[in-house]
$ cat upload.cif   # mmCIF, C-alpha atoms
data_model
#
loop_
_atom_site.label_atom_id
_atom_site.label_comp_id
_atom_site.auth_asym_id
_atom_site.auth_seq_id
_atom_site.Cartn_x
_atom_site.Cartn_y
_atom_site.Cartn_z
CA LEU A 1 61.13 49.15 -21.70
CA PRO A 2 58.86 46.46 -20.13
CA ILE A 3 55.18 47.08 -19.60
CA VAL A 4 54.66 48.33 -16.02
CA ASN A 5 51.54 46.25 -15.37
CA GLU A 6 53.06 42.94 -16.47
CA SER A 7 54.03 40.49 -13.71
CA LEU A 8 57.63 39.51 -13.01
CA ILE A 9 56.52 35.91 -12.46
CA LEU A 10 52.99 34.74 -13.20
CA GLU A 11 52.01 31.42 -11.59
CA THR A 12 48.75 29.78 -10.70
CA CYS A 13 48.85 27.05 -8.05
CA TRP A 14 46.19 24.81 -6.57
CA TYR A 15 45.97 21.61 -4.60
CA VAL A 16 43.28 19.33 -3.23
CA GLY A 17 43.76 16.66 -0.61
CA ALA A 18 41.72 14.18 1.37
CA GLY A 19 42.31 11.74 4.20
CA TRP A 20 40.32 9.28 6.22
CA ARG A 21 41.04 8.28 9.82
CA LEU A 22 40.95 4.50 10.31
CA GLY A 23 41.69 3.95 13.99
CA LYS A 24 45.34 4.90 14.59
CA PHE A 25 46.05 5.21 10.83
CA THR A 26 45.21 8.05 8.46
CA PRO A 27 45.90 7.58 4.73
CA LEU A 28 45.95 10.85 2.74
CA ILE A 29 46.26 11.71 -0.93
CA GLU A 30 46.96 15.11 -2.50
CA PHE A 31 46.93 16.37 -6.08
CA ALA A 32 48.62 19.68 -6.96
CA ASN A 33 49.24 21.78 -10.06
CA ILE A 34 51.55 24.71 -10.78
CA SER A 35 51.02 26.59 -14.04
CA THR A 36 53.48 29.25 -15.23
CA GLN A 37 52.45 31.86 -17.79
CA PRO A 38 54.71 34.11 -19.87
CA SER A 39 56.00 37.06 -17.80
CA ILE A 40 58.71 39.73 -17.78
CA LEU A 41 61.37 37.37 -16.37
CA ASP A 42 60.36 34.41 -18.56
CA PRO A 43 58.47 35.70 -21.63
CA ASN A 44 58.70 32.51 -23.72
CA THR A 45 57.61 29.89 -21.20
CA SER A 46 54.20 28.46 -20.46
CA THR A 47 54.31 25.26 -18.39
CA SER A 48 52.08 23.14 -16.19
CA HIS A 49 53.37 20.66 -13.59
CA ASN A 50 51.25 18.10 -11.75
CA THR A 51 52.25 16.48 -8.47
CA VAL A 52 50.70 13.53 -6.63
CA THR A 53 51.44 12.83 -2.95
CA ALA A 54 50.40 9.84 -0.80
CA VAL A 55 50.85 9.92 2.98
CA LEU A 56 50.28 7.34 5.70
CA ARG A 57 50.10 8.72 9.26
CA TRP A 58 50.25 6.43 12.30
CA ASP A 59 49.34 7.74 15.74
CA LEU A 60 52.01 5.87 17.71
CA ILE A 61 51.01 7.24 21.13
CA THR A 62 48.93 10.20 22.34
CA ASN A 63 51.55 12.87 21.56
CA ILE A 64 53.52 11.27 18.71
CA ALA A 65 52.55 10.45 15.12
CA LEU A 66 54.83 8.89 12.49
CA LYS A 67 54.36 9.71 8.79
CA ALA A 68 55.61 8.18 5.56
CA GLN A 69 55.20 10.10 2.31
CA ILE A 70 55.72 9.46 -1.39
CA THR A 71 55.55 12.36 -3.87
CA ARG A 72 55.73 11.98 -7.64
CA GLU A 73 56.49 15.15 -9.59
CA PRO A 74 58.09 16.20 -12.89
CA GLU A 75 61.89 16.34 -13.09
CA SER A 76 61.57 19.73 -14.75
CA GLY A 77 59.26 21.09 -12.04
CA PRO A 78 59.93 24.18 -9.95
CA ASP A 79 61.83 22.21 -7.26
CA TRP A 80 64.37 20.60 -9.60
CA VAL A 81 67.24 21.78 -11.77
CA THR A 82 67.56 19.86 -15.01
CA SER A 83 69.59 20.23 -18.18
CA ASP A 84 66.43 19.71 -20.24
CA PRO A 85 63.49 21.91 -19.08
CA SER A 86 61.15 20.20 -21.55
CA SER A 87 61.79 16.77 -19.99
CA ASN A 88 58.77 14.53 -19.37
CA LYS A 89 60.61 12.40 -16.79
CA ARG A 90 59.14 12.12 -13.28
CA VAL A 91 60.89 12.10 -9.89
CA ASN A 92 59.83 10.12 -6.81
CA ILE A 93 60.47 11.74 -3.42
CA TYR A 94 60.33 9.57 -0.30
CA GLY A 95 60.09 11.00 3.20
CA ILE A 96 59.52 9.90 6.77
CA GLY A 97 58.87 12.11 9.74
CA ALA A 98 57.43 12.44 13.21
CA ASP A 99 54.94 14.95 14.60
CA PHE A 100 54.94 15.44 18.34
CA ILE A 101 53.39 17.68 20.95
CA PHE A 102 55.22 18.37 24.22
#
$ encode --input "upload.cif" --output "structure tokens"
Amino acid sequence: LPIVNESLILETCWYVGAGWRLGKFTPLIEFANISTQPSILDPNTSTSHNTVTAVLRWDLITNIALKAQITREPESGPDWVTSDPSSNKRVNIYGIGADFIF
């Protein structure tokens, strides 16, 4: 019988980011960490995953901004399924998007 006060999943997450507006451009950088502690559902695992994200935002016109993003995170992180959970490989994620107000 599991201990009633023990968490099903125990994670600690944090992130810090900064950007600087340079005319119509805003470069941003973000660092994040997700740490998993042993819990009822996963009693033998204690992991820590770091992620780095770089973004460049361009204010195209008054109501539209374009963004390009690169994120580098572990292959075995919480967003990926891998055959080897102890893998040290990293994954690059590339994205583009548009923000608009209408």
$ closest_residue --input "upload.cif" --among "A:Gly17, A:Asp59, A:Pro74, A:Gly95" --to "A:Ile34" --atoms "only C-alpha atoms"
A:Pro74
$ resolve_selection --input "upload.cif" --expression "the PyMOL selection byres ((chain A and resi 35) around 6)" --output "JSON list (two decimals) with C-alpha atoms, in the frame of the given file"
[["chain", "number", "residue", "atom", "x", "y", "z"],
["A", 11, "GLU", "CA", 52.01, 31.42, -11.59],
["A", 12, "THR", "CA", 48.75, 29.78, -10.70],
["A", 34, "ILE", "CA", 51.55, 24.71, -10.78],
["A", 36, "THR", "CA", 53.48, 29.25, -15.23],
["A", 47, "THR", "CA", 54.31, 25.26, -18.39],
["A", 48, "SER", "CA", 52.08, 23.14, -16.19]]
$ resolve_selection --input "upload.cif" --expression "the PyMOL selection byres ((chain A and resi 27) around 12)" --output "number ranges by chain"
A: 17-26, 28-30, 53-59, 66-70
$ closest_residue --input "upload.cif" --among "A:Asn50, A:Ala65, A:Pro38, A:Arg72" --to "A:Trp14" --atoms "only C-alpha atoms"
A:Asn50
$ residues_around --input "upload.cif" --residues "A:Phe102" --least-positions-apart "6" --cutoff "12 Å" --atoms "only C-alpha atoms" --output "ChimeraX atom specification"
/A:62-64
$ residues_around --input "upload.cif" --residues "A:Tyr15" --least-positions-apart "6" --cutoff "8 Å" --atoms "only C-alpha atoms" --output "list of chain:residue names"
A:Glu30, A:Phe31, A:Ala32, A:Asn33
$ write_last_selection --input "upload.cif" --atoms "C-alpha atoms" --output "PDB file, keeping the file's coordinate frame"
ATOM      1  CA  GLU A  30      46.960  15.110  -2.500  1.00  0.00           C
ATOM      2  CA  PHE A  31      46.930  16.370  -6.080  1.00  0.00           C
ATOM      3  CA  ALA A  32      48.620  19.680  -6.960  1.00  0.00           C
ATOM      4  CA  ASN A  33      49.240  21.780 -10.060  1.00  0.00           C
TER       5      ASN A  33
END
$ atom_distance --input "upload.cif" --atom1 "atom CA of A:Cys13" --atom2 "atom CA of A:Ala98"
27.2 Å
$ atom_distance --input "upload.cif" --atom1 "atom CA of A:Ile96" --atom2 "atom CA of A:Thr71"
11.6 Å
$ atom_distance --input "upload.cif" --atom1 "atom CA of A:Gln37" --atom2 "atom CA of A:His49"
12.0 Å
$ axis_aligned_box --input "upload.cif" --around "stretch 47-53 of chain A" --padding-each-side "3 Å" --output "lines of an AutoDock Vina configuration file"
center_x = 52.5
center_y = 19.0
center_z = -10.7
size_x = 9.6
size_y = 18.4
size_z = 21.4
